[in-house]
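Here is the structure we will look at.
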Amino acid sequence: MAEGVVRDDSTDAEVNEGVHQRNVGGRKLSWRTLVAGRVDSLNIEAGRVSHSHGHKSKDSWRRTLSLAFQSIGVIYGDIGTSPLYVYASTFTNGIEDKNDILGVLSLIIYTILLLPMLKYVFIVLWANDNGDGGTFAVYSKLCRYAKVSMIPNYQPEDAQLSNYKLETPTKQLKRAEKIKEKLENSRVVKEVLFLVTILATSMVMGDGVLTPSISVLSAVRGITSLSTIQRFGTDKVGFTFAPIISVWFLFLTGIGLYNLFKYDLGILRAFYPKYIVDYFKRNGKQGWISLGGIFLCITGTEAMFADLGHFSIRAVQISFSSMVCPAIVIAYIGQGAYLMKYPHDVSNTFYASIPGGGMYWPTFVVALLAAIIASQAMISGAFAIISQSQSLSCFPRVKVIHTSVKYEGQVYIPEINYILMLACVLVTIGFKTTDKIGQAYGVAVCLVMLVTTCMLVLIMLVIWKTSIWLIILFFAVFGLIELLYLSSVLYKFKEGGYLPIVLASFLMMIMAIWNYVQRHRYMYELENKVSSESVKRIMDNPKINKVPGIGLLYSELVQGIPTVFPQLINNIPSLHSVFIFVSIKNFPISRVEPEERFLFRRVDLPNYKMFRCVVRYGYNDVNEEPAMFEKHLVENLIDFIQHEHLMLGGSLVEDASHAVTQTVRRQVVGRSAIYGEESLEQDNAVRVSSGSIVIDDLAKPYEGALEEVQFIQNSMHEGVVYLLGETKVIARENSSLLKKIVVNYAYDFLRKNCRQGEDVMAIPHTRLLRVGTTYEI
């Protein structure tokens, strides 16, 4: 590994502050004095910078166009098949006045242009979290910026992650700081924000049930087939479905243009919004009720944001603007032109408007395939959102399979896939007609869109620091439109609108119970962590035997020694020659760069090689196989030891006015540069530079470092044993009956019937030792 001395001129403010602190009274401070207090800290490796940028990297046009093509098959099947039923759902009692066709078409056109095109394609997509979209990604972004997470495991080193930093387009504003302070200090606001987030998340998962039901109501076999092919992943499914959906959009465009020129070019008057006003004047309450049917023209819009992690912003923008939007607008215009001449065919507008000459059956086959594929969009979105929520302790553990090596964020969850399939079949059997399912579907989609609008307002206020007038304009236009549509779809609550509320309530209950107990479990560990003095007393026991090898004790606690450690020593009075407390920490970001994954700190016990390690993951990161995980952990541990000896080594000069140049022999490890906190440079006067120390080839290594590195390597060859706490959480005796039901029964049922920690982390059972413990919360 080639490593050298580098400079980082991006931290001038920190440097100036450092100079002020260190040149006290004109005294020269030695390097050892400057850094000695910092070595035993998790922040040594916190500044390791990755050279990859994940989602932020600029995609080539070839890759972008490839992703745009895939997105057609994954995202737009739902919104693309809406021309099959929108007019029928709107004119449920037939067409009494042909001018109503112009009014409805005008509403459809401007609804598509304002919500999917303007709001989502050009605004909402930019609220992504390092390339990932959906309600949970927005919530994660807010948690990272305003610290509104329900679990208090924030560390100062977190902000040094390359994907953690937020770019703000304007200077600090007092308004943003006040709102941020309010968010951080108000528990009520945190709870409301969390509940709204899981509500929207539950609605998206509910969409994954309703979309297949309404799209392929008469083809239960189609639902089963769709669920079966999900396991191949978005990459393969996208390339498989994209040609079919592309042909479908070509059919829509061709049929629409044919009907427009054959029946009534005057239908283009619908672009004049005056017909919307006339429509409501003429129909009054009935016109307002009909908005529930019109809203179905944009179902599936949220999939553009929810599935963003599977693709890229530019790919989604290209595919929707160049193919999807023109095709569906032309299709609605063509159907409107046909209805101007044949208004009695409104209940079967699409198929009745198909030209003769052998076009009917090819169109029917493609339409059926497109209807089946339409379900893919929200199902893929449900997978992505569940993966995100699970990583942030808001959903029970399930198996997440990353299906693409090339494109991060493409996931498949087997358990959820088959649960959705079963739920689709049950909903289809229970509701039987598209009218009732359509009402339910409208409620779910509209609520998700409204929540997205509200959370985007927070993003604008706190992170983007947008002008208050633009924020008011944004909510006045999009928020009021969505509220109007929501009021209409809720009017038929008893006729099917209750279904998404029931589904969302059930999912919210699961997520809330899991998060509640996980949060209190973490707080219990934090309040009862073992002090350094207690650890020293425990380890002074002469009966403790040293076992060859490396022991890894897993815990979610990132601040201190977990309570399970004393219990382990009391029951098994032995300790591995190298013992590491491993804390798995999930971050509210999409991914953590591999070079920044591990943070180490030495536990101050002279006769033991004991360390604390925080292993950091984003919600799209893949858990490594045990062999690779062990290799990377030991490599980074050796990096830490070498760096520690470099910073505290006795061969370093004491005089800070002398330029320091040290080389370190390429001993073991490290795949990228290791950045320290400061380096010294002479420039006529003593000063602390803005550079960073980086280890290169050591010509003369420290003896202590070599000896310890060799010991670590020998221990690695002896084998690695995983120690996992088998924690049972129960409610205290004086708890309320509701809390006992939630903790002792509901949470316990979820815990026992979801995947266990060793399954998620792929820990080999032959090297696993469980340590049982009980927490009372």
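A note on labels: chains of the structure tokens are A, B, ... as shown, every chain counts residues from 1, and ligands are counted from 1 in their shown order.
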Find the residues near A:Gly134: any atom within 9 Å, counting only C-alpha atoms, skip ones fewer than 4 places away on the same chain, and give them as a PyMOL selection string.
chain A and resi 128-129+138-139+201+302-309+381+384-385+452
Just N, CA and C atoms for this one: save the residues we selected as a CSV table (one decimal), in the first residue's frame.
chain,number,residue,atom,x,y,z
A,128,ASN,N,-33.5,13.5,-2.6
A,128,ASN,CA,-33.0,12.2,-2.3
A,128,ASN,C,-31.9,12.2,-1.2
A,129,ASP,N,-31.7,11.0,-0.7
A,129,ASP,CA,-30.6,10.8,0.3
A,129,ASP,C,-29.5,10.1,-0.3
A,138,VAL,N,-36.1,10.6,3.0
A,138,VAL,CA,-36.3,12.0,3.5
A,138,VAL,C,-36.2,12.1,5.0
A,139,TYR,N,-36.8,11.1,5.7
A,139,TYR,CA,-36.7,11.1,7.1
A,139,TYR,C,-35.3,10.9,7.6
A,201,THR,N,-44.8,5.3,4.9
A,201,THR,CA,-44.1,4.0,4.6
A,201,THR,C,-45.1,2.9,4.5
A,302,GLU,N,-45.7,8.0,-7.0
A,302,GLU,CA,-44.7,7.9,-5.9
A,302,GLU,C,-43.6,6.9,-6.2
A,303,ALA,N,-43.9,5.9,-7.1
A,303,ALA,CA,-42.9,4.9,-7.4
A,303,ALA,C,-41.6,5.6,-8.0
A,304,MET,N,-41.8,6.7,-8.7
A,304,MET,CA,-40.6,7.4,-9.2
A,304,MET,C,-39.6,7.8,-8.1
A,305,PHE,N,-40.2,8.2,-7.0
A,305,PHE,CA,-39.3,8.6,-5.8
A,305,PHE,C,-38.9,7.3,-5.0
A,306,ALA,N,-39.9,6.5,-4.8
A,306,ALA,CA,-39.6,5.3,-3.9
A,306,ALA,C,-38.5,4.4,-4.6
A,307,ASP,N,-38.6,4.3,-5.9
A,307,ASP,CA,-37.6,3.4,-6.6
A,307,ASP,C,-36.4,4.1,-7.1
A,308,LEU,N,-36.2,5.3,-6.7
A,308,LEU,CA,-35.0,6.1,-7.2
A,308,LEU,C,-33.7,5.4,-6.9
A,309,GLY,N,-33.6,4.7,-5.8
A,309,GLY,CA,-32.3,4.1,-5.4
A,309,GLY,C,-32.0,3.0,-6.4
A,381,GLY,N,-40.7,-0.6,-4.8
A,381,GLY,CA,-40.6,0.5,-3.8
A,381,GLY,C,-40.8,0.0,-2.4
A,384,ALA,N,-37.6,-1.5,-1.2
A,384,ALA,CA,-36.6,-0.5,-0.9
A,384,ALA,C,-36.8,0.1,0.5
A,385,ILE,N,-38.1,0.5,0.7
A,385,ILE,CA,-38.5,1.2,1.9
A,385,ILE,C,-38.3,0.3,3.1
A,452,THR,N,-45.3,13.4,1.5
A,452,THR,CA,-44.1,13.7,0.8
A,452,THR,C,-44.0,15.2,0.6
Any idea what's packed within 6 Å of stretch 84-99 of chain A, counting only C-alpha atoms, ignoring anything in its chain fewer than 3 positions away? Could you give it as a VMD selection string?
chain A and resid 81 102 290 293 to 294 346 to 347 350
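Candidate residues A:Pro396, A:Gly430, A:Gly725, A:Pro500 were compared for distance to A:Lys752, and the nearest is A:Pro396, using only C-alpha atoms.
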Considering only C-alpha atoms, can you say which of A:Ala327, A:Val189, A:Ile313, A:Leu291 comes closest to A:Thr64?
A:Ile313
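Across the structure, atom CA of A:Asp78 and atom CA of A:Gly300 are spaced 5.1 Å apart.
Nearest residue to A:Tyr619, choosing from A:Ile372, A:Cys446, A:Leu484, A:Cys394 and counting only C-alpha atoms: A:Cys394.
Using only C-alpha atoms, the residues found no farther than 8 Å from A:Ala705, other than those of its own chain fewer than 4 positions away, are Ile641, Gln642, His645, Pro701 and Val709 of chain A.
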Using only all heavy atoms, please write the residues we just selected to a file, as an mmCIF file, in the first residue's frame.
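Heads up, here's the output in selection_11.cif:
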data_model
loop_
_atom_site.group_PDB
_atom_site.id
_atom_site.type_symbol
_atom_site.label_atom_id
_atom_site.label_comp_id
_atom_site.auth_asym_id
_atom_site.auth_seq_id
_atom_site.Cartn_x
_atom_site.Cartn_y
_atom_site.Cartn_z
ATOM 1 N N ILE A 641 -3.493 0.308 15.135
ATOM 2 C CA ILE A 641 -2.329 0.107 15.999
ATOM 3 C C ILE A 641 -1.114 0.831 15.434
ATOM 4 O O ILE A 641 -0.366 1.509 16.160
ATOM 5 C CB ILE A 641 -2.049 -1.399 16.169
ATOM 6 C CG1 ILE A 641 -3.185 -2.055 16.973
ATOM 7 C CG2 ILE A 641 -0.703 -1.642 16.842
ATOM 8 C CD1 ILE A 641 -3.130 -3.559 16.981
ATOM 9 N N GLN A 642 -0.886 0.711 14.129
ATOM 10 C CA GLN A 642 0.248 1.384 13.516
ATOM 11 C C GLN A 642 0.128 2.902 13.662
ATOM 12 O O GLN A 642 1.096 3.601 13.970
ATOM 13 C CB GLN A 642 0.339 1.005 12.033
ATOM 14 C CG GLN A 642 0.792 -0.428 11.795
ATOM 15 C CD GLN A 642 0.867 -0.761 10.323
ATOM 16 O OE1 GLN A 642 0.105 -0.214 9.515
ATOM 17 N NE2 GLN A 642 1.779 -1.644 9.963
ATOM 18 N N HIS A 645 0.861 3.966 17.259
ATOM 19 C CA HIS A 645 2.281 3.981 17.575
ATOM 20 C C HIS A 645 2.997 5.119 16.861
ATOM 21 O O HIS A 645 3.951 5.690 17.389
ATOM 22 C CB HIS A 645 2.911 2.644 17.209
ATOM 23 C CG HIS A 645 2.684 1.584 18.234
ATOM 24 N ND1 HIS A 645 3.516 1.408 19.322
ATOM 25 C CD2 HIS A 645 1.694 0.653 18.351
ATOM 26 C CE1 HIS A 645 3.051 0.404 20.062
ATOM 27 N NE2 HIS A 645 1.962 -0.070 19.498
ATOM 28 N N PRO A 701 10.294 0.577 11.363
ATOM 29 C CA PRO A 701 9.061 0.483 12.134
ATOM 30 C C PRO A 701 9.327 0.473 13.632
ATOM 31 O O PRO A 701 10.388 0.098 14.102
ATOM 32 C CB PRO A 701 8.465 -0.845 11.678
ATOM 33 C CG PRO A 701 9.645 -1.645 11.268
ATOM 34 C CD PRO A 701 10.643 -0.683 10.706
ATOM 35 N N VAL A 709 1.361 -6.090 16.133
ATOM 36 C CA VAL A 709 0.780 -6.507 14.851
ATOM 37 C C VAL A 709 0.963 -8.000 14.644
ATOM 38 O O VAL A 709 0.044 -8.713 14.218
ATOM 39 C CB VAL A 709 1.419 -5.710 13.696
ATOM 40 C CG1 VAL A 709 1.124 -6.376 12.350
ATOM 41 C CG2 VAL A 709 0.908 -4.269 13.679
#
Can you tell me, as a list in words, what residues are no more than 9 Å from A:Phe271 when counting only C-alpha atoms, ignoring any on the same chain fewer than 4 positions away?
Leu102, Leu105, Ser106, Ile109, Tyr110, Ile267 and Tyr275 of chain A
Mind dumping the selected residues with N, CA and C atoms as a PDB file, in the first residue's frame?
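Wrote it out as part-v6.pdb, contents follow:
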ATOM      1  N   LEU A 102     -64.491  17.530 -21.982  1.00  0.00           N
ATOM      2  CA  LEU A 102     -63.429  18.536 -22.045  1.00  0.00           C
ATOM      3  C   LEU A 102     -62.944  18.909 -20.647  1.00  0.00           C
ATOM      4  N   LEU A 105     -60.930  15.908 -19.190  1.00  0.00           N
ATOM      5  CA  LEU A 105     -59.646  15.783 -19.883  1.00  0.00           C
ATOM      6  C   LEU A 105     -58.700  16.899 -19.461  1.00  0.00           C
ATOM      7  N   SER A 106     -59.228  18.092 -19.309  1.00  0.00           N
ATOM      8  CA  SER A 106     -58.394  19.212 -18.869  1.00  0.00           C
ATOM      9  C   SER A 106     -57.841  18.953 -17.464  1.00  0.00           C
ATOM     10  N   ILE A 109     -55.037  16.321 -17.809  1.00  0.00           N
ATOM     11  CA  ILE A 109     -53.804  16.869 -18.395  1.00  0.00           C
ATOM     12  C   ILE A 109     -53.027  17.684 -17.364  1.00  0.00           C
ATOM     13  N   TYR A 110     -53.701  18.589 -16.668  1.00  0.00           N
ATOM     14  CA  TYR A 110     -52.985  19.452 -15.739  1.00  0.00           C
ATOM     15  C   TYR A 110     -52.605  18.733 -14.456  1.00  0.00           C
ATOM     16  N   ILE A 267     -60.889  18.384 -29.507  1.00  0.00           N
ATOM     17  CA  ILE A 267     -60.676  17.979 -28.118  1.00  0.00           C
ATOM     18  C   ILE A 267     -59.443  18.658 -27.523  1.00  0.00           C
ATOM     19  N   TYR A 275     -62.073  25.223 -19.050  1.00  0.00           N
ATOM     20  CA  TYR A 275     -63.026  24.113 -19.066  1.00  0.00           C
ATOM     21  C   TYR A 275     -63.084  23.415 -17.700  1.00  0.00           C
TER      22      TYR A 275
END
All helix (DSSP H, G or I) residues (DSSP, backbone) inside stretch 291-493 of chain A, as a ChimeraX atom specification
/A:291-298,302-306,308-310,313-341,343-352,360-373,375-391,414-431,434-464,468-491,493
Spatial neighbours of A:Glu525, max dist 10 Å, only C-alpha atoms, sep filter under 3 positions, as a ChimeraX atom specification
/A:520-522,528-530,555-564,775
Requested write-out: N, CA and C atoms of the selected residues, as a compact mmCIF listing (two decimals), in the first residue's frame:
# COMPACT_ATOMS: atom_id res chain seq x y z
N HIS A 520 -36.08 1.61 23.71
CA HIS A 520 -35.94 1.46 25.16
C HIS A 520 -34.87 0.43 25.53
N ARG A 521 -34.68 -0.54 24.67
CA ARG A 521 -33.61 -1.51 24.91
C ARG A 521 -32.24 -0.82 24.82
N TYR A 522 -32.09 0.05 23.84
CA TYR A 522 -30.83 0.78 23.71
C TYR A 522 -30.61 1.69 24.92
N ASN A 528 -27.07 1.37 31.75
CA ASN A 528 -26.46 0.33 32.58
C ASN A 528 -25.12 -0.15 32.03
N LYS A 529 -24.48 0.66 31.20
CA LYS A 529 -23.19 0.26 30.65
C LYS A 529 -22.16 0.12 31.77
N VAL A 530 -21.16 -0.71 31.52
CA VAL A 530 -20.16 -1.03 32.54
C VAL A 530 -19.07 0.04 32.54
N SER A 555 -22.68 -5.99 20.21
CA SER A 555 -23.62 -5.17 20.95
C SER A 555 -24.01 -3.98 20.08
N GLU A 556 -25.21 -3.43 20.33
CA GLU A 556 -25.62 -2.23 19.61
C GLU A 556 -25.12 -0.97 20.28
N LEU A 557 -24.59 -1.10 21.49
CA LEU A 557 -24.13 0.06 22.26
C LEU A 557 -22.84 0.60 21.66
N VAL A 558 -22.83 1.90 21.35
CA VAL A 558 -21.63 2.52 20.77
C VAL A 558 -20.87 3.35 21.79
N GLN A 559 -21.38 3.44 23.01
CA GLN A 559 -20.76 4.29 24.03
C GLN A 559 -20.52 3.48 25.30
N GLY A 560 -19.40 2.79 25.37
CA GLY A 560 -19.06 2.06 26.58
C GLY A 560 -19.12 0.55 26.40
N ILE A 561 -18.96 -0.15 27.53
CA ILE A 561 -18.94 -1.61 27.56
C ILE A 561 -20.34 -2.13 27.89
N PRO A 562 -20.87 -3.08 27.10
CA PRO A 562 -22.25 -3.56 27.32
C PRO A 562 -22.37 -4.38 28.61
N THR A 563 -23.59 -4.40 29.13
CA THR A 563 -23.86 -5.10 30.39
C THR A 563 -23.68 -6.61 30.29
N VAL A 564 -23.69 -7.14 29.08
CA VAL A 564 -23.58 -8.58 28.92
C VAL A 564 -22.15 -9.07 29.21
N TYR A 775 -33.47 -7.94 29.90
CA TYR A 775 -33.57 -6.52 30.19
C TYR A 775 -34.99 -6.21 30.64
Excluding stretch 321-325 of chain A and its own-chain neighbours fewer than 2 positions away, which residues fall within 9 Å of it when counting only C-alpha atoms? Please give them as number ranges by chain.
A: 72, 76, 79-80, 112-113, 116-117, 121, 246, 249-250, 316-319, 327-330
